[in-house]
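target_12.pdb, holding PDB, C-alpha atoms, pLDDT in the B column:
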```pdb
ATOM      1  CA  MET A   1      21.627 -12.726   8.920  1.00 35.00           C
ATOM      2  CA  ASP A   2      24.397 -13.436  11.346  1.00 36.00           C
ATOM      3  CA  ARG A   3      26.441 -10.658  12.933  1.00 35.00           C
ATOM      4  CA  VAL A   4      29.596 -11.460  10.950  1.00 35.00           C
ATOM      5  CA  ALA A   5      27.785 -11.136   7.605  1.00 38.00           C
ATOM      6  CA  LEU A   6      26.202  -7.836   8.638  1.00 37.00           C
ATOM      7  CA  ASP A   7      29.555  -6.367   9.657  1.00 40.00           C
ATOM      8  CA  HIS A   8      30.754  -6.733   6.067  1.00 45.00           C
ATOM      9  CA  VAL A   9      27.751  -5.013   4.468  1.00 45.00           C
ATOM     10  CA  ALA A  10      28.519  -1.322   4.424  1.00 46.00           C
ATOM     11  CA  HIS A  11      25.424  -0.156   2.565  1.00 55.00           C
ATOM     12  CA  LEU A  12      21.945  -1.666   2.305  1.00 59.00           C
ATOM     13  CA  VAL A  13      19.093  -0.216   0.265  1.00 60.00           C
ATOM     14  CA  VAL A  14      15.617  -1.618  -0.255  1.00 57.00           C
ATOM     15  CA  VAL A  15      14.167  -0.142  -3.408  1.00 57.00           C
ATOM     16  CA  VAL A  16      10.413  -0.371  -3.830  1.00 53.00           C
ATOM     17  CA  VAL A  17       8.776   0.314  -7.164  1.00 51.00           C
ATOM     18  CA  ALA A  18       6.790   3.514  -7.494  1.00 43.00           C
ATOM     19  CA  GLN A  19       5.863   3.346 -11.185  1.00 44.00           C
ATOM     20  CA  PRO A  20       7.202   4.667 -13.475  1.00 42.00           C
ATOM     21  CA  HIS A  21      10.205   5.231 -11.203  1.00 44.00           C
ATOM     22  CA  VAL A  22      12.035   3.151  -8.653  1.00 43.00           C
ATOM     23  CA  HIS A  23      12.333   4.829  -5.247  1.00 42.00           C
ATOM     24  CA  ARG A  24      14.920   4.184  -2.538  1.00 44.00           C
ATOM     25  CA  VAL A  25      13.072   3.679   0.740  1.00 44.00           C
ATOM     26  CA  GLY A  26      15.695   2.448   3.182  1.00 46.00           C
ATOM     27  CA  VAL A  27      19.278   3.554   3.069  1.00 44.00           C
ATOM     28  CA  ALA A  28      22.329   3.148   5.292  1.00 45.00           C
ATOM     29  CA  GLU A  29      22.862   6.146   7.594  1.00 42.00           C
ATOM     30  CA  GLN A  30      25.827   7.691   5.781  1.00 39.00           C
ATOM     31  CA  VAL A  31      23.868   7.984   2.512  1.00 38.00           C
ATOM     32  CA  VAL A  32      20.377   8.986   3.784  1.00 36.00           C
ATOM     33  CA  GLU A  33      20.844  12.724   3.270  1.00 37.00           C
ATOM     34  CA  VAL A  34      22.044  12.255  -0.296  1.00 37.00           C
ATOM     35  CA  ALA A  35      19.703   9.503  -1.479  1.00 43.00           C
ATOM     36  CA  GLU A  36      16.510   9.925   0.552  1.00 44.00           C
ATOM     37  CA  ASP A  37      14.450  11.164  -2.422  1.00 50.00           C
ATOM     38  CA  PHE A  38      16.715   9.861  -5.163  1.00 53.00           C
ATOM     39  CA  LEU A  39      14.626   8.531  -8.069  1.00 59.00           C
ATOM     40  CA  ILE A  40      15.943   6.093 -10.633  1.00 60.00           C
ATOM     41  CA  GLY A  41      14.081   5.290 -13.821  1.00 62.00           C
ATOM     42  CA  ALA A  42      12.882   1.691 -13.960  1.00 62.00           C
ATOM     43  CA  ASP A  43      15.179   1.146 -16.946  1.00 65.00           C
ATOM     44  CA  GLN A  44      18.266   2.957 -15.612  1.00 74.00           C
ATOM     45  CA  GLY A  45      21.423   1.657 -14.032  1.00 81.00           C
ATOM     46  CA  VAL A  46      22.063  -1.615 -12.265  1.00 83.00           C
ATOM     47  CA  VAL A  47      18.864  -1.228 -10.241  1.00 81.00           C
ATOM     48  CA  GLY A  48      16.808  -0.837 -13.423  1.00 81.00           C
ATOM     49  CA  ALA A  49      18.574  -3.819 -15.028  1.00 84.00           C
ATOM     50  CA  ALA A  50      17.863  -6.080 -12.047  1.00 86.00           C
ATOM     51  CA  PHE A  51      14.258  -4.910 -11.904  1.00 84.00           C
ATOM     52  CA  GLY A  52      13.667  -5.169 -15.646  1.00 83.00           C
ATOM     53  CA  GLU A  53      15.330  -8.551 -16.133  1.00 86.00           C
ATOM     54  CA  GLN A  54      14.230  -9.895 -12.736  1.00 88.00           C
ATOM     55  CA  LYS A  55      17.697 -11.339 -12.228  1.00 91.00           C
ATOM     56  CA  THR A  56      20.401 -10.733  -9.658  1.00 93.00           C
ATOM     57  CA  VAL A  57      23.007  -8.311 -10.976  1.00 92.00           C
ATOM     58  CA  VAL A  58      26.461  -8.410  -9.413  1.00 94.00           C
ATOM     59  CA  VAL A  59      28.972  -5.614 -10.015  1.00 92.00           C
ATOM     60  CA  PRO A  60      32.413  -6.672  -8.752  1.00 92.00           C
ATOM     61  CA  ASP A  61      33.923  -3.199  -9.334  1.00 90.00           C
ATOM     62  CA  ILE A  62      31.563  -0.216  -9.434  1.00 85.00           C
ATOM     63  CA  GLY A  63      34.248   1.962 -11.009  1.00 82.00           C
ATOM     64  CA  GLN A  64      34.445  -0.327 -14.046  1.00 85.00           C
ATOM     65  CA  ASP A  65      30.688  -0.697 -14.752  1.00 84.00           C
ATOM     66  CA  GLY A  66      29.026   2.113 -16.704  1.00 81.00           C
ATOM     67  CA  ARG A  67      25.531   1.065 -15.591  1.00 80.00           C
ATOM     68  CA  VAL A  68      26.165   2.104 -11.980  1.00 78.00           C
ATOM     69  CA  ILE A  69      24.576   5.394 -11.036  1.00 71.00           C
ATOM     70  CA  PHE A  70      27.343   6.433  -8.696  1.00 63.00           C
ATOM     71  CA  LEU A  71      26.910   8.831  -5.805  1.00 61.00           C
ATOM     72  CA  ALA A  72      30.020  11.041  -5.600  1.00 63.00           C
ATOM     73  CA  GLY A  73      32.070  10.434  -2.479  1.00 70.00           C
ATOM     74  CA  SER A  74      30.540   7.037  -1.785  1.00 74.00           C
ATOM     75  CA  PRO A  75      32.999   4.529  -0.325  1.00 79.00           C
ATOM     76  CA  MET A  76      31.209   1.651  -2.059  1.00 81.00           C
ATOM     77  CA  ARG A  77      33.290  -0.372  -4.532  1.00 84.00           C
ATOM     78  CA  SER A  78      31.085  -3.381  -5.380  1.00 88.00           C
ATOM     79  CA  CYS A  79      27.391  -4.217  -5.235  1.00 89.00           C
ATOM     80  CA  ALA A  80      24.714  -6.798  -5.823  1.00 92.00           C
ATOM     81  CA  VAL A  81      21.122  -5.975  -6.747  1.00 91.00           C
ATOM     82  CA  LEU A  82      18.498  -8.667  -6.171  1.00 93.00           C
ATOM     83  CA  PRO A  83      14.920  -8.528  -7.495  1.00 91.00           C
ATOM     84  CA  LEU A  84      12.063  -8.605  -4.997  1.00 91.00           C
ATOM     85  CA  THR A  85       9.219 -10.628  -6.498  1.00 91.00           C
ATOM     86  CA  VAL A  86       6.306 -12.776  -5.407  1.00 92.00           C
ATOM     87  CA  GLY A  87       5.029 -14.973  -8.213  1.00 90.00           C
ATOM     88  CA  GLU A  88       4.866 -12.741 -11.275  1.00 87.00           C
ATOM     89  CA  GLN A  89       4.483  -9.543  -9.253  1.00 87.00           C
ATOM     90  CA  ARG A  90       7.528  -7.271  -9.271  1.00 86.00           C
ATOM     91  CA  LEU A  91       7.871  -5.417  -5.980  1.00 86.00           C
ATOM     92  CA  GLY A  92      11.279  -3.786  -6.294  1.00 84.00           C
ATOM     93  CA  VAL A  93      14.909  -4.668  -5.653  1.00 87.00           C
ATOM     94  CA  LEU A  94      17.310  -5.108  -2.769  1.00 88.00           C
ATOM     95  CA  GLU A  95      20.647  -3.420  -3.288  1.00 86.00           C
ATOM     96  CA  LEU A  96      23.705  -4.331  -1.234  1.00 87.00           C
ATOM     97  CA  ALA A  97      27.043  -2.591  -1.607  1.00 85.00           C
ATOM     98  CA  TRP A  98      30.478  -3.217  -0.132  1.00 85.00           C
ATOM     99  CA  SER A  99      33.459  -0.956   0.375  1.00 84.00           C
ATOM    100  CA  GLN A 100      35.831  -3.448  -1.272  1.00 87.00           C
ATOM    101  CA  THR A 101      35.812  -4.820  -4.816  1.00 91.00           C
ATOM    102  CA  ASP A 102      34.415  -8.338  -5.283  1.00 92.00           C
ATOM    103  CA  GLY A 103      32.349  -7.940  -2.121  1.00 88.00           C
ATOM    104  CA  ALA A 104      29.514 -10.137  -3.411  1.00 89.00           C
ATOM    105  CA  THR A 105      30.918 -13.516  -2.428  1.00 92.00           C
ATOM    106  CA  PRO A 106      28.858 -16.686  -3.055  1.00 93.00           C
ATOM    107  CA  GLU A 107      28.131 -16.932   0.691  1.00 92.00           C
ATOM    108  CA  ARG A 108      26.926 -13.334   0.828  1.00 91.00           C
ATOM    109  CA  LEU A 109      24.784 -13.837  -2.273  1.00 93.00           C
ATOM    110  CA  THR A 110      23.179 -16.941  -0.780  1.00 94.00           C
ATOM    111  CA  LEU A 111      22.389 -15.071   2.427  1.00 91.00           C
ATOM    112  CA  SER A 112      21.227 -12.000   0.499  1.00 91.00           C
ATOM    113  CA  THR A 113      18.953 -14.095  -1.719  1.00 94.00           C
ATOM    114  CA  ALA A 114      17.302 -15.644   1.340  1.00 94.00           C
ATOM    115  CA  PHE A 115      16.860 -12.193   2.834  1.00 91.00           C
ATOM    116  CA  ALA A 116      15.436 -10.830  -0.444  1.00 93.00           C
ATOM    117  CA  ASP A 117      12.931 -13.705  -0.577  1.00 94.00           C
ATOM    118  CA  HIS A 118      11.749 -12.947   2.959  1.00 93.00           C
ATOM    119  CA  ALA A 119      11.663  -9.201   2.274  1.00 89.00           C
ATOM    120  CA  SER A 120       9.568  -9.844  -0.848  1.00 91.00           C
ATOM    121  CA  LEU A 121       7.002 -11.786   1.140  1.00 93.00           C
ATOM    122  CA  ALA A 122       6.948  -9.162   3.885  1.00 90.00           C
ATOM    123  CA  ILE A 123       6.396  -6.327   1.391  1.00 87.00           C
ATOM    124  CA  TYR A 124       3.758  -8.340  -0.475  1.00 90.00           C
ATOM    125  CA  ASN A 125       1.928  -9.199   2.762  1.00 92.00           C
ATOM    126  CA  ALA A 126       2.071  -5.577   3.921  1.00 89.00           C
ATOM    127  CA  ARG A 127       0.573  -4.434   0.615  1.00 87.00           C
ATOM    128  CA  GLN A 128      -2.128  -7.105   0.826  1.00 91.00           C
ATOM    129  CA  HIS A 129      -2.913  -6.014   4.387  1.00 94.00           C
ATOM    130  CA  ASP A 130      -3.136  -2.365   3.339  1.00 91.00           C
ATOM    131  CA  GLU A 131      -5.472  -3.317   0.483  1.00 93.00           C
ATOM    132  CA  LEU A 132      -7.637  -5.361   2.857  1.00 96.00           C
ATOM    133  CA  VAL A 133      -7.828  -2.460   5.318  1.00 96.00           C
ATOM    134  CA  ARG A 134      -8.712  -0.067   2.482  1.00 95.00           C
ATOM    135  CA  ARG A 135     -11.441  -2.365   1.166  1.00 97.00           C
ATOM    136  CA  GLU A 136     -12.831  -2.922   4.660  1.00 97.00           C
ATOM    137  CA  ALA A 137     -13.005   0.852   5.221  1.00 97.00           C
ATOM    138  CA  GLU A 138     -14.753   1.237   1.858  1.00 97.00           C
ATOM    139  CA  ARG A 139     -17.195  -1.556   2.717  1.00 97.00           C
ATOM    140  CA  THR A 140     -17.889   0.013   6.120  1.00 96.00           C
ATOM    141  CA  ALA A 141     -18.570   3.407   4.522  1.00 96.00           C
ATOM    142  CA  LEU A 142     -20.922   1.843   1.958  1.00 96.00           C
ATOM    143  CA  LEU A 143     -22.716  -0.124   4.685  1.00 95.00           C
ATOM    144  CA  ARG A 144     -23.099   3.072   6.714  1.00 96.00           C
ATOM    145  CA  GLN A 145     -24.622   4.787   3.654  1.00 95.00           C
ATOM    146  CA  VAL A 146     -27.050   1.896   3.111  1.00 94.00           C
ATOM    147  CA  LEU A 147     -28.118   1.887   6.771  1.00 94.00           C
ATOM    148  CA  THR A 148     -28.599   5.662   6.747  1.00 94.00           C
ATOM    149  CA  ALA A 149     -30.685   5.452   3.563  1.00 93.00           C
ATOM    150  CA  GLN A 150     -32.755   2.617   5.068  1.00 93.00           C
ATOM    151  CA  GLU A 151     -33.399   4.610   8.233  1.00 93.00           C
ATOM    152  CA  VAL A 152     -34.431   7.700   6.252  1.00 92.00           C
ATOM    153  CA  GLU A 153     -36.790   5.589   4.136  1.00 91.00           C
ATOM    154  CA  ARG A 154     -38.198   3.854   7.221  1.00 88.00           C
ATOM    155  CA  LYS A 155     -38.973   7.238   8.793  1.00 85.00           C
ATOM    156  CA  ARG A 156     -40.590   8.484   5.583  1.00 84.00           C
ATOM    157  CA  VAL A 157     -42.763   5.364   5.232  1.00 81.00           C
ATOM    158  CA  SER A 158     -43.627   5.501   8.911  1.00 76.00           C
ATOM    159  CA  LEU A 159     -44.759   9.125   8.611  1.00 74.00           C
ATOM    160  CA  ASP A 160     -46.717   8.330   5.451  1.00 71.00           C
ATOM    161  CA  LEU A 161     -48.452   5.393   7.117  1.00 69.00           C
ATOM    162  CA  HIS A 162     -48.953   7.208  10.382  1.00 64.00           C
ATOM    163  CA  ASP A 163     -50.074  10.531   8.943  1.00 67.00           C
ATOM    164  CA  GLY A 164     -52.329   9.086   6.222  1.00 67.00           C
ATOM    165  CA  PRO A 165     -54.655   7.072   8.505  1.00 70.00           C
ATOM    166  CA  LEU A 166     -54.576   9.741  11.222  1.00 70.00           C
ATOM    167  CA  GLN A 167     -55.523  12.430   8.740  1.00 74.00           C
ATOM    168  CA  SER A 168     -58.345  10.223   7.407  1.00 76.00           C
ATOM    169  CA  LEU A 169     -59.500   9.495  10.950  1.00 77.00           C
ATOM    170  CA  GLY A 170     -59.296  13.194  11.836  1.00 80.00           C
ATOM    171  CA  VAL A 171     -61.329  14.163   8.767  1.00 80.00           C
ATOM    172  CA  GLY A 172     -63.847  11.409   9.596  1.00 82.00           C
ATOM    173  CA  LEU A 173     -64.169  12.703  13.177  1.00 84.00           C
ATOM    174  CA  ILE A 174     -64.688  16.235  11.922  1.00 86.00           C
ATOM    175  CA  HIS A 175     -67.427  15.006   9.534  1.00 84.00           C
ATOM    176  CA  ALA A 176     -69.011  12.928  12.292  1.00 85.00           C
ATOM    177  CA  ASP A 177     -68.912  15.873  14.659  1.00 84.00           C
ATOM    178  CA  ALA A 178     -70.404  18.120  11.971  1.00 84.00           C
ATOM    179  CA  LEU A 179     -73.185  15.549  11.343  1.00 84.00           C
ATOM    180  CA  ARG A 180     -73.860  15.235  15.050  1.00 83.00           C
ATOM    181  CA  LYS A 181     -74.128  18.999  15.390  1.00 82.00           C
ATOM    182  CA  ARG A 182     -76.491  19.121  12.410  1.00 82.00           C
ATOM    183  CA  GLY A 183     -78.601  16.397  13.953  1.00 79.00           C
ATOM    184  CA  GLU A 184     -78.812  18.317  17.227  1.00 80.00           C
ATOM    185  CA  THR A 185     -79.873  21.519  15.516  1.00 76.00           C
ATOM    186  CA  THR A 186     -82.664  19.922  13.498  1.00 69.00           C
TER
END
```
Before we go any further, please render this structure as structure tokens.
Amino acid sequence: MDRVALDHVAHLVVVVVAQPHVHRVGVAEQVVEVAEDFLIGADQGVVGAAFGEQKTVVVPDIGQDGRVIFLAGSPMRSCAVLPLTVGEQRLGVLELAWSQTDGATPERLTLSTAFADHASLAIYNARQHDELVRREAERTALLRQVLTAQEVERKRVSLDLHDGPLQSLGVGLIHADALRKRGETT
């Protein structure tokens, strides 16, 4: 995004799905204290509509749209909510709001759509990476268990093999010694 376009965006929120709710994870500084843990049902408001329909929802005047879950005192007057998807997988939505009505111009929507596409891929890749790390840790733990079990079994077999013949040899030596002593006494 170029600097001029960013100067006109007063409020940016990336909403990532946390089923069955949608959770705001990144919020402009002036709203963080109010919205940090703000949960919206996946079927509520403009965010829920964009997520459910997987379509961009533009609200030219927040005050005139009953779907907007409005934070009291917010200077925002218009918004656009773009779905974040990769293939058929729904990741969340990107919400942009402006302090003037009709803030979602075609140029801003084009730029926002490109950003949403890149954000979708970044979120998807981060989730895939986390899953790969989790599976690798699980595989490592299982491999460690297998190696430990193998070592325990190796020691057991080694003791069985080592002790069995030694005990037999020891018993044989005792019998041989007893026979030798008998032979000397007779």
Each residue of region 52-79 of chain A with at least one atom at most 10 Å from region 99-110 of chain A should appear once, together with its nearest atom pair and the corresponding distance in Å (one decimal); atoms considered: only C-alpha atoms; ordering: chain, then increasing residue number; output as a Markdown table.
```
| residue | atom | partner | partner_atom | distance |
| --- | --- | --- | --- | --- |
| A:Thr56 | CA | A:Leu109 | CA | 9.1 |
| A:Val58 | CA | A:Ala104 | CA | 7.0 |
| A:Val59 | CA | A:Asp102 | CA | 7.7 |
| A:Pro60 | CA | A:Asp102 | CA | 4.3 |
| A:Asp61 | CA | A:Thr101 | CA | 5.2 |
| A:Ile62 | CA | A:Thr101 | CA | 7.8 |
| A:Gly63 | CA | A:Thr101 | CA | 9.3 |
| A:Ser74 | CA | A:Ser99 | CA | 8.8 |
| A:Pro75 | CA | A:Ser99 | CA | 5.5 |
| A:Met76 | CA | A:Ser99 | CA | 4.2 |
| A:Arg77 | CA | A:Ser99 | CA | 4.9 |
| A:Ser78 | CA | A:Thr101 | CA | 5.0 |
| A:Cys79 | CA | A:Ala104 | CA | 6.5 |
```
Which residue gives the smallest distance to Ile123 (chain A) among A:Gln64, A:Thr85, A:Thr148, A:Thr140, with all atoms listed in the file counted?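 Closest to Ile123 (chain A), using all atoms listed in the file: A:Thr85.
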Residue nearest Arg127 (chain A) - candidates A:Ala114, A:Val86, A:Val57, A:Leu143, atoms counted: all atoms listed in the file: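 With all atoms listed in the file as the atom set, the closest residue is A:Val86.
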What's the separation between CA of Val152 (chain A) and CA of Gly170 (chain A), in Å to one decimal place?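 Computed distance, CA of Val152 (chain A) to CA of Gly170 (chain A), equals 26.1 Å.
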Quick one: apply the PyMOL selection byres ((chain A and resi 81) around 8) to the file and drop the selected residues here as a list in words.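 Selected by the PyMOL selection byres ((chain A and resi 81) around 8) in this file: Val46, Val47, Ala50, Thr56, Val57, Val58, Cys79, Ala80, Leu82, Pro83, Val93, Leu94, Glu95 and Leu96 of chain A.
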Between CA of Ala49 (chain A) and CA of Val68 (chain A), measure the distance and give it in Å to one decimal.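 Calculated distance between CA of Ala49 (chain A) and CA of Val68 (chain A) is 10.1 Å.
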What is the CA of Thr113 (chain A)-CA of Leu84 (chain A) distance in Å, reported with one decimal? 9.4 Å
Where's the centre, and what are the edge lengths in Å to one decimal, of a box along x, y and z enclosing all listed atoms of region 78-84 of chain A padded 8 Å per side, as JSON?
```
{"center_x": 21.6, "center_y": -6.0, "center_z": -6.2, "size_x": 35.0, "size_y": 21.3, "size_z": 18.5}
```
Proximity to Gly45 (chain A) - best of A:Glu88, A:Leu159, A:Ile69, A:Ala178, all atoms listed in the file: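 Ranking A:Glu88, A:Leu159, A:Ile69, A:Ala178 by distance to Gly45 (chain A), first place goes to A:Ile69.
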